[in-house]
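One structure is given here, and the rest of the page talks about it.
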Amino acid sequence: MPNDAEKLAEGDHARTDLDHRPVTGAGDRADLSADSEPEKPLGSPWEDLRAYVAAPRLGSLALANDGTLLVSVAQLDHKQTGYTSAWWKVDAQGRQPARRYTRSVEGEAAAAFLSDGSLLFTSKRPVPATGEEDGGDAGVIWCLPAGGGEAYVVARRDGGWQGIVTARDAELALFAAAVHAGVEDEKADAKKRALRKKKKVSAILHEGYPVRFWDHDLGPEEQRLFAVDLTASRVDGDGDFAPTADQLRNLIPDAGRGIGSAGSLSAAGDVLVLDWQTARSRGEVVSSVIAVDVATGERTVLAEDDNYEFVGAVVSADGGLVACSRETPSTPDRAPDQQLWLIERASGEGRLLAENWDRWATPVTFSPDGRTLYVTVDEDGHGPIYAVDVATGGRRRLTEEGTFGSVVMSADGATLYAVRSSYLDPGTVVAIGTAGGELTELRAPTDYPELPGRLEDVETVAADGARVRGYLLLPERASAEAPAPLALWIHGGPLGSWNAWSWRWCPWLLVSRGYAVLLPDPALSTGYGRDFVQRGWGAWGAAPYTDLMAITDEAEKRADIDETRTAAMGGSFGGYMANWVAGHTDRFDAIVTHASLWNLESFGPTTDASWYWAREMTPTMQQANSPHRFADRISTPMLVIHGDKDYRVPISEGLALWWALVSGHDGDPRELPHKFLYFPDENHWILTPQHSIVWYETVLSFMESTVLGGNFVRAETL
């Protein structure tokens, strides 16, 4: 199935010395209302879960033509039940400390620089004069002038805004928004939204597929892109932008559900390229790439083929070249494949780029002259950046250790900026020289404590001769004299790998409690070539399972690992594998399964992308690889975790698994060894900080009682 696919005071430019301090956590942000008691000071994030969820998280980057570099930082809100983000300025030379750039209690979200250095961003901060907070999901669009001063409102609409795309060399922007299908203008859209709100109607009438995506319902609104020429909307006198309704052009009014991405703009803002979704018979949805003339709205199909899908389009600065990924649709017998596809926009001709490269590359950006395409790949437990020569397909690896995201390029093409992470690095803003790959760590606004252990590589050879590798995280005190209990942690996807830091799935919290954590990449993992994925295709219970057992055997040979105290755990596809493990071996003392697939036959019609699942496994394959068939073999205590708002792996999977465990227990109900942690308001991931604490408290307590022989202690809030 599709891969698994993770927002503070008034005044925008008023700063004090406090703005230079690294963001270290919630600290004094506890909710001290009349009904609450003061909480004890926070400890280390690795020992105190309150401090862990309060740790700041780096987000995306924004870069201006003059080199101003911003990074978003998410922190706990004042209620400690969510996160708000602010944008911080990072010295692109790495000499000065980071400084706070935007500030509001409500936080800021999507942002992009205009050609003159002004910053557009979305926020729910109160609108001046009215004092009212915008009711939309993303609030209004604000502009922070390049020369300083207060932020002011650029665009406001009843339904809010979802994103911003700007042109490098023109005062032109695209604003993404959700609009009701079939409405003629913004007035009609607002009227319909108000009517549904007044009547308290949430019903949605569907006339096609899909109806859901990950954690939200599709409809009754559809995404639209509004183009605005900000030069034409300047207000005389103060130079502020104030586009009127007729200056916000609905660029593709008949898009339906076609818009698959916010898109990529040429430097002059005259050409937009984006992914385009098309519904076909039998509920299938396919992706192509189109170009849109921003002045006229005219669409041109650039990449469309019944035998392939095209995704991730980026356009060169002059608008002449477009790069994307070309994917072969999966079949029950053949895993999908992905290659770089390059299109000359004038002729419409496309060709493969780096055709024989056995890696799945994702286009990021072109060099200013269009001669080089920069891409990211999964590779052997890392996510490096490569430079690919457009003419020859030759490639250079620019980075070594770590996984690089939110990659942006300087105006002169000499430097790439990115956020790097790894299992040794929660997040660092880096500058990378495009000529030789020289990497400089910049001074970001975050400060993280020392990790509570060490990281090592581990690998083995499977029965068929394939190399299987992973990471092993160990407490510093783990030794032959004091071996550590082992937790096998299985990644999701299944097309993915363990190669980047995750706040949702952080193995260091287990390491700080004395566990060694094994993060393996079995068959189906990306970053090891097409054949490695193919080894497990259509047979999830075969090579992926035996690879996991083989690398676990290898880890348990170590003197610093206690093979008599072990657990297996995973989420999504990792949860599927945890369920499969539970029905095929009793070697583990505990199984933790989160958002897991249980019955592959019933899962298919209920997931949010049934058309994808239908082409991945035949009914015979589904039956052969379905964990539910082996329920009667499960003897290991299991902790089942599921969110009700999970549309990728619906709650029915968790409920069916739980019933199988309960109905299979013929002893005293009070002695049921299994537990079910249910989140009515969470989705595929547990995102809110208070529930993240409950998740870790419950998992750690369950492992304490099953692996270490201690007592299970119910979380205080349960």
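If you're wondering about the labels, chains in the structure tokens are A, B, ... by order shown, residues count from 1 in each chain, ligands from 1 in order shown.
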
>> Can you pull out the residues contacting A:Pro483? Cut-off 10 Å, using only C-alpha atoms, and skip same-chain residues under 3 positions away; I want them as a PyMOL selection string.
In response: chain A and resi 474-475+477-480+486+514-516+558-563+565

> So which residues touch A:Ile252 within 9 Å, counting only C-alpha atoms, skipping near sequence neighbours fewer than 5 positions away, as a PyMOL selection string?
Replying inline: chain A and resi 224-226+259+292+297-299

> Of the candidates A:Ile490, A:Leu600, A:Ala484, A:Val407, which shows the shortest atom-to-atom distance to A:Tyr471, using only C-alpha atoms?
Replying inline: A:Ile490

> Quick one: residues within 6 Å of A:Gly496, only C-alpha atoms counted, chain neighbours fewer than 3 positions away excluded, as JSON, numbers by chain?
Replying inline: {"A": [493, 525, 526]}

>> One number please: atom CA of A:Leu655 to atom CA of A:Asp215, in Å, one decimal.
In response: 17.9 Å

>> Based on the backbone DSSP call, show me all residues of stretch 89-314 of chain A assigned strand (DSSP E or B), as a ChimeraX atom specification.
In response: /A:89-90,99-100,108-113,119-123,140-144,152-155,163-166,172-180,212-213,216-217,221-229,234,241,249-250,259,264-265,271-279,285-293,299-303,305,308-314

Selection near A:Gly405, 7 Å with only C-alpha atoms, sequence-local residues under 5 positions removed, as a PDB file with C-alpha atoms, in the first residue's frame:
```pdb
ATOM      1  CA  ALA A 418      18.768  21.177   4.600  1.00  0.00           C
ATOM      2  CA  VAL A 419      17.649  19.701   7.896  1.00  0.00           C
ATOM      3  CA  ARG A 420      19.725  16.627   8.664  1.00  0.00           C
TER       4      ARG A 420
END
```

> When distances are computed from only C-alpha atoms, which of A:His628, A:Arg454, A:Arg371, A:Lys199 shows the smallest separation from A:Asn579?
Replying inline: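 Ranked by minimum distance to A:Asn579, first place goes to A:His628.
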
> If you run DSSP on this backbone, which residues of stretch 113-246 of chain A come out as alpha helix (DSSP H), and could you give them as a list in words?
Replying inline: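 Matching residues for alpha helix (DSSP H) in stretch 113-246 of chain A are Glu186, Lys187, Ala188, Asp189, Ala190, Lys191, Lys192, Arg193, Ala194, Leu195, Arg196, Lys197, Lys198 and Lys199 of chain A.
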
List the spatial neighbours of A:Ala64 as an mmCIF file with C-alpha atoms, in the first residue's frame - criterion: any atom at most 8 Å away, only C-alpha atoms, same-chain residues fewer than 5 positions off excluded.
```cif
data_model
loop_
_atom_site.group_PDB
_atom_site.id
_atom_site.type_symbol
_atom_site.label_atom_id
_atom_site.label_comp_id
_atom_site.auth_asym_id
_atom_site.auth_seq_id
_atom_site.Cartn_x
_atom_site.Cartn_y
_atom_site.Cartn_z
ATOM 1 C CA LEU A 69 17.402 31.443 6.053
ATOM 2 C CA PHE A 113 9.612 34.393 0.771
ATOM 3 C CA LEU A 114 8.701 36.835 -1.966
ATOM 4 C CA SER A 115 11.344 38.075 -4.388
ATOM 5 C CA GLY A 117 12.530 39.400 0.855
#
```

> Smallest atom-to-atom distance to A:Pro445: which of A:Arg670, A:Arg50, A:His684, A:Arg99, using only C-alpha atoms?
Replying inline: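 Comparing A:Arg670, A:Arg50, A:His684, A:Arg99 against A:Pro445, the winner is A:Arg99.
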
Each residue of stretch 202-246 of chain A with at least one atom at most 12 Å from stretch 274-277 of chain A should appear once, together with its nearest atom pair and the corresponding distance in Å (one decimal); atoms considered: only C-alpha atoms; ordering: chain, then increasing residue number; output as a Markdown table.
```
| residue | atom | partner | partner_atom | distance |
| --- | --- | --- | --- | --- |
| A:Tyr209 | CA | A:Gln277 | CA | 11.6 |
| A:Pro210 | CA | A:Gln277 | CA | 11.2 |
| A:Gln223 | CA | A:Trp276 | CA | 11.8 |
| A:Leu225 | CA | A:Leu274 | CA | 11.0 |
```

> In Å to one decimal, how far is atom CA of A:Glu108 from atom CA of A:Gly82?
Replying inline: 13.6 Å

> Quick one: residues within 8 Å of stretch 424-433 of chain A, only C-alpha atoms counted, chain neighbours fewer than 2 positions away excluded, as a list in words?
Replying inline: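 Everything that qualifies: Arg57, Leu58, Ala92, Leu398, Thr399, Ala414, Thr415, Leu416, Tyr417, Ala418, Val419, Arg420, Ser421, Ser422, Ala435, Gly436, Gly437, Glu438, Leu439, Thr440, Glu441, Leu442, Arg443, Ala444, Tyr448, Leu451, Leu455, Trp501 and Ser502 of chain A.
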
>> Please list as a PyMOL selection string every residue within 7 Å of A:Thr593, counting only C-alpha atoms and excluding residues in the same chain fewer than 4 positions away.
In response: chain A and resi 569-571+575+578-579+639-641

>> As an exercise, work out the distance from atom CA of A:Phe241 to atom CA of A:Asp270 in Å and give it to one decimal place.
In response: 19.8 Å

>> Using only C-alpha atoms, can you tell me which of A:Asn356, A:Ser233, A:Asn65, A:Thr365 comes closest to A:Gly394?
In response: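 Smallest separation from A:Gly394 among the options: A:Asn356.
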